[in-house]
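Q: Input: one structure, supplied below.
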Protein chains: 2
Amino acid sequence: MASFVESFWGERNNGFDVLYHNMKHGHLSTKDLADFIRERATIEEAYSRSMTKLAKSASNYTQLGTFAPVWDVFKISTEKVASCHLELVRKLQELIKEVQKYGDEQIKAHKKTKEEVSGTLEAVQNIQSIIQALQKSKENYNTKCVEQERLKKEGATQREIDKASIKSKKATDTYKLYVEKYAAAKSDFEKKMTETAQKFQDIEEMHLLHMKEIVESLSNTVKEIHLQIGQVHEEFINNMANTTVESLIQKFAESKGTGKERPGLIEFEECNTASAVEGIKPRKRKAFGLSGIIKKEKDAESVECPDADSVSPVDFSGFHLASTIYSHG
Amino acid sequence: MASFVESFWGERNNGFDVLYHNMKHGHLSTKDLADFIRERATIEEAYSRSMTKLAKSASNYTQLGTFAPVWDVFKISTEKVASCHLELVRKLQELIKEVQKYGDEQIKAHKKTKEEVSGTLEAVQNIQSIIQALQKSKENYNTKCVEQERLKKEGATQREIDKASIKSKKATDTYKLYVEKYAAAKSDFEKKMTETAQKFQDIEEMHLLHMKEIVESLSNTVKEIHLQIGQVHEEFINNMANTTVESLIQKFAESKGTGKERPGLIEFEECNTASAVEGIKPRKRKAFGLSGIIKKEKDAESVECPDADSVSPVDFSGFHLASTIYSHG
């Protein structure tokens, strides 16, 4: 398996730079994750609000007719779906707080790490500058040697050759010095970089573990709410199964029924003139509940057919009786 | 069980009116149900759109750092959730079409029914008007009898008594006629109303059955999509489980790694003046990939340390070699 200790060397020696910035990017990931959860929460909140509105629509639908009780089933179920999504929002908001807390801890930890790895950064800068100096000193050494050789071949004066020889000697010493310095810098860099690469890998592993825990918490929450919504669906299906056609017909018949009494028999009733003329106070009639209509007609025909209560004290109990013997079948 | 045939009689005989309007309300319920499903579809569409946007956010999050590959997992899952909800929208729209089709059929059926029950409506109106006439004729009969009796008691002339007797006789006939008419109307109304109440109950049962089928279709669709979303969640959980910390570390090390070669050994190399002076074309060097930096410094110090390639034909293969023997471990 490719690890940080293995993979961040290379000619330019800038593995440290890549790993250091990667650690910093870890904090960006945390912020991104918080943003992602926040956006999801916003979506769920909007959905919940819409569902609450839909539940209200259901209760505003016609309360007339046999189907009316079904709207209650819809209303209850839709409200429950809405509150499941609101519960999700609440849990996501809690999770966002956790993510933010982790992000804050991360900043502190990164600051501490920056101090801890400062020696490695120096070692990186050291080996990089020594490599350059070494390169330069080697080039200078070669130039001076060639110059000395050229003067010899071209038969220059001894004084010129001696002067070139001194320069060449000096260049050789400098070159040798950098070869030694490089060996020390390389050893120091390798040691420190090995440690630091491992440290960065440890940090990264801890970060990823933490991020995966947050994501797991997110997916558990989503799953949990999903199951709750599934239960609401099941409940709806059961409630609909219980809302049978028969029960709806019965409920309507019971609540909107106009009565079970069929029209009663009405027979001719002889006038009881004796009691009428003796002035017996007649019982108040309850004529088929049509009193309104009858009253109107009575007013129009009051000359021909005067009000029975006030003018003609006749026993209406017979007629009244007829109207109450409606069969109960 | 309370049925329509039992429950829509009563004094006012307006059960027919209630049942007829109930049938008409059945069409309102159908329209309400279509509205409900339409509103739900709109909510699902908005949710789906928001989820698609969220998926895009996920792909816009930082692609730097070890966590970056996880955003792909989020993106794919979020897109799938979005498309599940879009599939729900599609199915709900199909369902709305079915509901509308049923609503149109309902209008036709109600028109037909209205014609079929017109005889019952006439019977209702007939019995209602006969009851009124009967009531009136009975009142008139009683009035006339009392009048005749009063004249007798008060010792009116025979002519007056005869005149009252004729009136009383006429009122008796009218009353008797309405008693007969009522018997016929009652029989006709009872027969027709029984049939029609049953017809209205049949219509209502068919309507409720159809509505329940639509609701069942709705809840099946919702359940089906809910299961699909559950699968997307499971898939996400599995994908996250497969996205191990180790694999993320490895992926990062492989894609952003700076090289596996640690800094190589560099030893002092004697200048090969012989070949240099003989004018052998030197091999192009590949100095630690620092050519850019070196070139800059070379330009600045070109007087003291001239370009090896053009001015000093020295063999750099030794240095070059040193830079390529970086250990592979």
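We name chains A, B, ... following the order of the structure tokens; residues begin at 1 in each chain, and ligands are numbered from 1 as shown.
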Over all C-alpha pairs taken in sequence order, what does chain A look like after a least-squares fit onto chain B? Please give it as a CSV table (one decimal) with C-alpha atoms, in the first residue's frame.

A:
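Generated file (selection.csv):
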```
chain,number,residue,atom,x,y,z
A,1,MET,CA,-75.5,-1.3,9.1
A,2,ALA,CA,-77.1,1.9,8.2
A,3,SER,CA,-77.8,1.9,4.5
A,4,PHE,CA,-79.2,4.5,2.1
A,5,VAL,CA,-82.5,2.5,1.7
A,6,GLU,CA,-83.0,2.8,5.4
A,7,SER,CA,-81.7,6.3,6.3
A,8,PHE,CA,-83.1,8.7,3.7
A,9,TRP,CA,-86.8,8.9,4.6
A,10,GLY,CA,-88.0,11.2,7.3
A,11,GLU,CA,-90.8,13.8,7.6
A,12,ARG,CA,-89.6,16.2,5.0
A,13,ASN,CA,-89.1,13.5,2.3
A,14,ASN,CA,-85.9,15.2,1.2
A,15,GLY,CA,-83.7,12.2,1.3
A,16,PHE,CA,-83.7,12.2,-2.5
A,17,ASP,CA,-82.3,15.6,-2.5
A,18,VAL,CA,-79.5,14.7,-0.1
A,19,LEU,CA,-78.6,11.6,-2.0
A,20,TYR,CA,-78.7,13.3,-5.4
A,21,HIS,CA,-76.3,16.0,-4.2
A,22,ASN,CA,-74.1,13.5,-2.6
A,23,MET,CA,-73.6,11.8,-5.9
A,24,LYS,CA,-72.7,15.2,-7.4
A,25,HIS,CA,-70.2,15.8,-4.5
A,26,GLY,CA,-68.6,12.5,-5.6
A,27,HIS,CA,-67.3,14.4,-8.6
A,28,LEU,CA,-65.9,17.1,-6.4
A,29,SER,CA,-64.0,14.5,-4.4
A,30,THR,CA,-62.5,13.2,-7.7
A,31,LYS,CA,-61.3,16.7,-8.6
A,32,ASP,CA,-60.0,17.2,-5.1
A,33,LEU,CA,-58.0,14.0,-5.3
A,34,ALA,CA,-56.5,15.0,-8.6
A,35,ASP,CA,-55.6,18.4,-7.0
A,36,PHE,CA,-54.0,16.6,-4.0
A,37,ILE,CA,-51.9,14.3,-6.2
A,38,ARG,CA,-51.0,17.3,-8.5
A,39,GLU,CA,-49.8,19.3,-5.4
A,40,ARG,CA,-47.8,16.3,-4.2
A,41,ALA,CA,-46.2,15.9,-7.6
A,42,THR,CA,-45.2,19.6,-7.6
A,43,ILE,CA,-43.6,19.1,-4.1
A,44,GLU,CA,-41.7,16.1,-5.3
A,45,GLU,CA,-40.5,17.8,-8.4
A,46,ALA,CA,-39.2,20.8,-6.4
A,47,TYR,CA,-37.5,18.3,-4.0
A,48,SER,CA,-35.9,16.4,-6.9
A,49,ARG,CA,-34.6,19.7,-8.4
A,50,SER,CA,-33.1,20.7,-5.1
A,51,MET,CA,-31.4,17.4,-4.8
A,52,THR,CA,-30.0,17.6,-8.3
A,53,LYS,CA,-28.6,21.0,-7.3
A,54,LEU,CA,-27.2,19.5,-4.1
A,55,ALA,CA,-25.5,16.8,-6.1
A,56,LYS,CA,-23.9,19.5,-8.2
A,57,SER,CA,-22.7,21.3,-5.0
A,58,ALA,CA,-21.0,18.0,-4.0
A,59,SER,CA,-19.0,17.9,-7.2
A,60,ASN,CA,-18.1,21.6,-6.8
A,61,TYR,CA,-16.5,21.0,-3.3
A,62,THR,CA,-12.8,20.9,-3.0
A,63,GLN,CA,-11.2,18.2,-5.1
A,64,LEU,CA,-8.0,18.7,-3.0
A,65,GLY,CA,-7.1,16.6,-0.1
A,66,THR,CA,-7.7,13.0,0.9
A,67,PHE,CA,-11.4,13.5,1.5
A,68,ALA,CA,-12.1,14.5,-2.2
A,69,PRO,CA,-13.1,11.1,-3.5
A,70,VAL,CA,-15.9,10.9,-0.9
A,71,TRP,CA,-17.7,13.7,-2.7
A,72,ASP,CA,-18.2,11.4,-5.7
A,73,VAL,CA,-20.0,9.0,-3.4
A,74,PHE,CA,-22.2,11.8,-2.2
A,75,LYS,CA,-22.8,13.1,-5.7
A,76,ILE,CA,-23.9,9.7,-7.1
A,77,SER,CA,-26.1,9.0,-4.1
A,78,THR,CA,-27.8,12.5,-4.2
A,79,GLU,CA,-28.3,12.2,-7.9
A,80,LYS,CA,-30.0,8.9,-7.4
A,81,VAL,CA,-32.3,10.2,-4.7
A,82,ALA,CA,-33.2,13.1,-7.1
A,83,SER,CA,-34.1,10.7,-9.9
A,84,CYS,CA,-36.2,8.5,-7.5
A,85,HIS,CA,-38.3,11.6,-6.7
A,86,LEU,CA,-38.5,12.5,-10.4
A,87,GLU,CA,-39.7,9.0,-11.1
A,88,LEU,CA,-42.4,9.6,-8.4
A,89,VAL,CA,-43.4,12.8,-10.2
A,90,ARG,CA,-43.7,10.9,-13.5
A,91,LYS,CA,-45.9,8.2,-11.9
A,92,LEU,CA,-48.0,10.7,-10.1
A,93,GLN,CA,-48.6,12.5,-13.4
A,94,GLU,CA,-49.8,9.3,-14.9
A,95,LEU,CA,-52.1,8.8,-12.0
A,96,ILE,CA,-53.5,12.3,-12.3
A,97,LYS,CA,-54.5,11.4,-15.9
A,98,GLU,CA,-56.3,8.3,-14.7
A,99,VAL,CA,-58.1,10.4,-12.1
A,100,GLN,CA,-59.1,13.0,-14.7
A,101,LYS,CA,-60.4,10.2,-17.0
A,102,TYR,CA,-62.5,8.8,-14.2
A,103,GLY,CA,-63.8,12.3,-13.4
A,104,ASP,CA,-65.0,12.7,-17.0
A,105,GLU,CA,-66.7,9.3,-16.9
A,106,GLN,CA,-68.3,10.3,-13.7
A,107,ILE,CA,-69.9,13.4,-15.3
A,108,LYS,CA,-71.4,11.2,-18.1
A,109,ALA,CA,-72.6,8.6,-15.6
A,110,HIS,CA,-74.2,11.3,-13.4
A,111,LYS,CA,-76.1,12.8,-16.3
A,112,LYS,CA,-77.5,9.3,-17.2
A,113,THR,CA,-78.4,8.7,-13.6
A,114,LYS,CA,-80.2,12.1,-13.4
A,115,GLU,CA,-82.5,10.9,-16.2
A,116,GLU,CA,-83.0,7.5,-14.7
A,117,VAL,CA,-84.1,9.0,-11.3
A,118,SER,CA,-86.3,11.7,-12.8
A,119,GLY,CA,-89.4,9.6,-12.0
A,120,THR,CA,-88.4,9.5,-8.4
A,121,LEU,CA,-88.0,13.2,-8.3
A,122,GLU,CA,-91.5,13.6,-9.6
A,123,ALA,CA,-92.8,11.1,-7.0
A,124,VAL,CA,-91.0,13.2,-4.3
A,125,GLN,CA,-92.5,16.4,-5.6
A,126,ASN,CA,-95.9,14.7,-5.9
A,127,ILE,CA,-96.0,13.4,-2.3
A,128,GLN,CA,-94.8,16.7,-0.9
A,129,SER,CA,-97.5,18.7,-2.7
A,130,ILE,CA,-100.2,16.2,-1.8
A,131,ILE,CA,-99.2,16.4,1.9
A,132,GLN,CA,-99.6,20.1,1.7
A,133,ALA,CA,-103.0,19.9,0.0
A,134,LEU,CA,-104.1,17.2,2.4
A,135,GLN,CA,-103.2,19.3,5.3
A,136,LYS,CA,-105.0,22.3,3.9
A,137,SER,CA,-108.1,20.3,3.0
A,138,LYS,CA,-108.3,18.8,6.5
A,139,GLU,CA,-108.0,22.2,8.1
A,140,ASN,CA,-110.8,23.4,5.8
A,141,TYR,CA,-113.0,20.4,6.6
A,142,ASN,CA,-112.6,21.0,10.3
A,143,THR,CA,-113.4,24.7,9.9
A,144,LYS,CA,-116.5,24.0,7.9
A,145,CYS,CA,-117.8,21.4,10.4
A,146,VAL,CA,-117.2,23.7,13.3
A,147,GLU,CA,-119.0,26.5,11.5
A,148,GLN,CA,-122.0,24.3,10.8
A,149,GLU,CA,-122.2,23.2,14.4
A,150,ARG,CA,-121.8,26.8,15.6
A,151,LEU,CA,-124.7,27.9,13.4
A,152,LYS,CA,-126.9,25.1,14.8
A,153,LYS,CA,-126.1,25.9,18.4
A,154,GLU,CA,-126.6,29.6,17.9
A,155,GLY,CA,-130.0,28.9,16.3
A,156,ALA,CA,-129.3,30.2,12.9
A,157,THR,CA,-132.0,30.1,10.1
A,158,GLN,CA,-132.4,26.8,8.3
A,159,ARG,CA,-131.2,28.5,5.1
A,160,GLU,CA,-127.9,29.4,6.8
A,161,ILE,CA,-127.5,25.9,8.3
A,162,ASP,CA,-128.2,24.3,4.9
A,163,LYS,CA,-125.7,26.5,3.2
A,164,ALA,CA,-123.1,25.6,5.8
A,165,SER,CA,-124.0,21.9,5.4
A,166,ILE,CA,-123.3,22.1,1.6
A,167,LYS,CA,-119.9,23.7,2.3
A,168,SER,CA,-119.1,21.1,4.9
A,169,LYS,CA,-120.0,18.3,2.5
A,170,LYS,CA,-117.8,19.7,-0.2
A,171,ALA,CA,-114.9,20.1,2.3
A,172,THR,CA,-115.4,16.5,3.4
A,173,ASP,CA,-115.2,15.2,-0.2
A,174,THR,CA,-112.0,17.2,-0.9
A,175,TYR,CA,-110.4,15.9,2.3
A,176,LYS,CA,-111.3,12.3,1.5
A,177,LEU,CA,-110.0,12.8,-2.1
A,178,TYR,CA,-106.6,13.9,-0.7
A,179,VAL,CA,-106.5,11.0,1.7
A,180,GLU,CA,-106.9,8.7,-1.2
A,181,LYS,CA,-104.4,10.6,-3.4
A,182,TYR,CA,-101.9,10.5,-0.5
A,183,ALA,CA,-102.2,6.7,-0.2
A,184,ALA,CA,-101.4,6.4,-3.9
A,185,ALA,CA,-98.5,8.9,-3.8
A,186,LYS,CA,-97.1,7.3,-0.7
A,187,SER,CA,-97.0,3.9,-2.3
A,188,ASP,CA,-95.5,5.3,-5.5
A,189,PHE,CA,-92.9,7.3,-3.6
A,190,GLU,CA,-91.9,4.5,-1.3
A,191,LYS,CA,-91.4,2.1,-4.2
A,192,LYS,CA,-89.4,4.6,-6.3
A,193,MET,CA,-87.4,6.0,-3.4
A,194,THR,CA,-86.5,2.5,-2.3
A,195,GLU,CA,-85.1,1.7,-5.8
A,196,THR,CA,-83.4,5.0,-6.1
A,197,ALA,CA,-81.8,5.0,-2.7
A,198,GLN,CA,-80.4,1.6,-3.6
A,199,LYS,CA,-79.2,3.0,-6.9
A,200,PHE,CA,-77.5,5.9,-5.2
A,201,GLN,CA,-75.9,3.6,-2.8
A,202,ASP,CA,-74.6,1.4,-5.6
A,203,ILE,CA,-73.2,4.5,-7.4
A,204,GLU,CA,-71.6,5.6,-4.2
A,205,GLU,CA,-70.1,2.2,-3.5
A,206,MET,CA,-68.7,2.1,-7.0
A,207,HIS,CA,-67.3,5.6,-6.6
A,208,LEU,CA,-65.7,4.9,-3.3
A,209,LEU,CA,-64.3,1.6,-4.6
A,210,HIS,CA,-62.8,3.5,-7.5
A,211,MET,CA,-61.4,6.3,-5.3
A,212,LYS,CA,-59.9,3.7,-3.0
A,213,GLU,CA,-58.3,2.0,-5.9
A,214,ILE,CA,-56.7,5.4,-6.9
A,215,VAL,CA,-55.6,6.0,-3.4
A,216,GLU,CA,-54.1,2.5,-3.3
A,217,SER,CA,-52.3,3.2,-6.6
A,218,LEU,CA,-51.0,6.4,-5.0
A,219,SER,CA,-49.8,4.7,-1.8
A,220,ASN,CA,-48.2,1.8,-3.8
A,221,THR,CA,-46.3,4.3,-5.9
A,222,VAL,CA,-45.2,6.2,-2.9
A,223,LYS,CA,-44.2,3.0,-1.2
A,224,GLU,CA,-42.3,1.7,-4.2
A,225,ILE,CA,-40.3,4.9,-4.6
A,226,HIS,CA,-39.7,4.9,-0.8
A,227,LEU,CA,-38.2,1.4,-1.1
A,228,GLN,CA,-36.0,2.6,-4.0
A,229,ILE,CA,-34.7,5.5,-2.0
A,230,GLY,CA,-34.0,3.1,0.8
A,231,GLN,CA,-31.9,1.1,-1.6
A,232,VAL,CA,-30.0,4.3,-2.6
A,233,HIS,CA,-29.3,4.8,1.2
A,234,GLU,CA,-28.1,1.3,1.6
A,235,GLU,CA,-25.8,1.7,-1.4
A,236,PHE,CA,-24.5,4.9,0.0
A,237,ILE,CA,-23.7,3.2,3.3
A,238,ASN,CA,-22.0,0.4,1.5
A,239,ASN,CA,-20.0,2.7,-0.7
A,240,MET,CA,-18.9,4.7,2.4
A,241,ALA,CA,-17.9,1.4,4.1
A,242,ASN,CA,-15.8,0.6,1.0
A,243,THR,CA,-14.2,4.0,1.0
A,244,THR,CA,-11.9,3.1,3.8
A,245,VAL,CA,-9.4,5.5,5.4
A,246,GLU,CA,-6.6,3.3,4.1
A,247,SER,CA,-7.9,3.5,0.5
A,248,LEU,CA,-8.2,7.3,0.7
A,249,ILE,CA,-4.7,7.6,2.1
A,250,GLN,CA,-3.4,5.3,-0.6
A,251,LYS,CA,-5.4,7.1,-3.4
A,252,PHE,CA,-4.0,10.4,-2.3
A,253,ALA,CA,-0.4,9.0,-2.0
A,254,GLU,CA,-0.7,7.6,-5.5
A,255,SER,CA,-2.2,10.6,-7.2
A,256,LYS,CA,-0.4,13.4,-5.4
A,257,GLY,CA,2.8,11.6,-4.4
A,258,THR,CA,6.0,13.5,-5.3
A,259,GLY,CA,8.1,10.5,-5.8
A,260,LYS,CA,9.4,7.4,-4.0
A,261,GLU,CA,13.1,8.3,-4.5
A,262,ARG,CA,14.8,9.7,-1.4
A,263,PRO,CA,17.7,12.1,-1.9
A,264,GLY,CA,20.6,10.2,-3.5
A,265,LEU,CA,24.2,10.0,-2.4
A,266,ILE,CA,26.4,12.7,-3.9
A,267,GLU,CA,30.2,12.2,-3.9
A,268,PHE,CA,33.1,14.4,-5.0
A,269,GLU,CA,33.9,13.7,-8.6
A,270,GLU,CA,37.3,14.4,-10.1
A,271,CYS,CA,37.2,16.6,-13.2
A,272,ASN,CA,37.9,14.7,-16.4
A,273,THR,CA,40.1,17.4,-17.9
A,274,ALA,CA,41.3,15.2,-20.8
A,275,SER,CA,37.9,14.8,-22.4
A,276,ALA,CA,36.9,18.3,-21.6
A,277,VAL,CA,39.9,19.9,-23.3
A,278,GLU,CA,39.6,17.6,-26.3
A,279,GLY,CA,36.2,19.3,-26.9
A,280,ILE,CA,33.8,16.3,-26.3
A,281,LYS,CA,30.3,17.6,-26.6
A,282,PRO,CA,28.9,17.3,-23.0
A,283,ARG,CA,25.6,15.5,-22.4
A,284,LYS,CA,22.6,17.8,-21.6
A,285,ARG,CA,22.3,17.8,-17.8
A,286,LYS,CA,19.1,17.3,-15.8
A,287,ALA,CA,20.3,18.9,-12.6
A,288,PHE,CA,17.7,17.9,-10.0
A,289,GLY,CA,15.0,19.4,-12.0
A,290,LEU,CA,16.1,22.8,-10.6
A,291,SER,CA,17.1,24.1,-14.0
A,292,GLY,CA,14.9,27.1,-13.6
A,293,ILE,CA,16.4,28.3,-10.4
A,294,ILE,CA,19.9,27.4,-11.6
A,295,LYS,CA,19.5,29.2,-14.9
A,296,LYS,CA,18.5,32.4,-13.0
A,297,GLU,CA,21.5,32.2,-10.8
A,298,LYS,CA,23.8,31.3,-13.7
A,299,ASP,CA,22.7,34.5,-15.5
A,300,ALA,CA,23.5,36.6,-12.5
A,301,GLU,CA,26.9,35.0,-12.1
A,302,SER,CA,27.7,34.4,-15.7
A,303,VAL,CA,31.0,36.2,-15.5
A,304,GLU,CA,32.4,34.1,-12.7
A,305,CYS,CA,30.6,30.9,-13.6
A,306,PRO,CA,29.8,30.8,-17.3
A,307,ASP,CA,27.2,28.4,-18.8
A,308,ALA,CA,28.6,24.9,-18.9
A,309,ASP,CA,26.8,23.9,-22.1
A,310,SER,CA,28.0,26.7,-24.3
A,311,VAL,CA,31.3,27.8,-22.8
A,312,SER,CA,32.8,25.0,-20.8
A,313,PRO,CA,32.3,21.6,-22.5
A,314,VAL,CA,32.6,19.6,-19.2
A,315,ASP,CA,31.1,16.1,-18.7
A,316,PHE,CA,28.2,16.6,-16.3
A,317,SER,CA,27.2,13.0,-16.5
A,318,GLY,CA,28.8,12.3,-13.1
A,319,PHE,CA,26.5,14.8,-11.4
A,320,HIS,CA,23.6,13.8,-13.5
A,321,LEU,CA,24.2,10.2,-12.4
A,322,ALA,CA,24.2,11.2,-8.8
A,323,SER,CA,20.9,12.8,-9.3
A,324,THR,CA,19.4,9.7,-10.8
A,325,ILE,CA,20.7,7.1,-8.3
A,326,TYR,CA,18.0,8.3,-5.9
A,327,SER,CA,17.2,5.2,-3.8
A,328,HIS,CA,14.0,3.4,-4.7
A,329,GLY,CA,13.0,2.2,-1.2
```
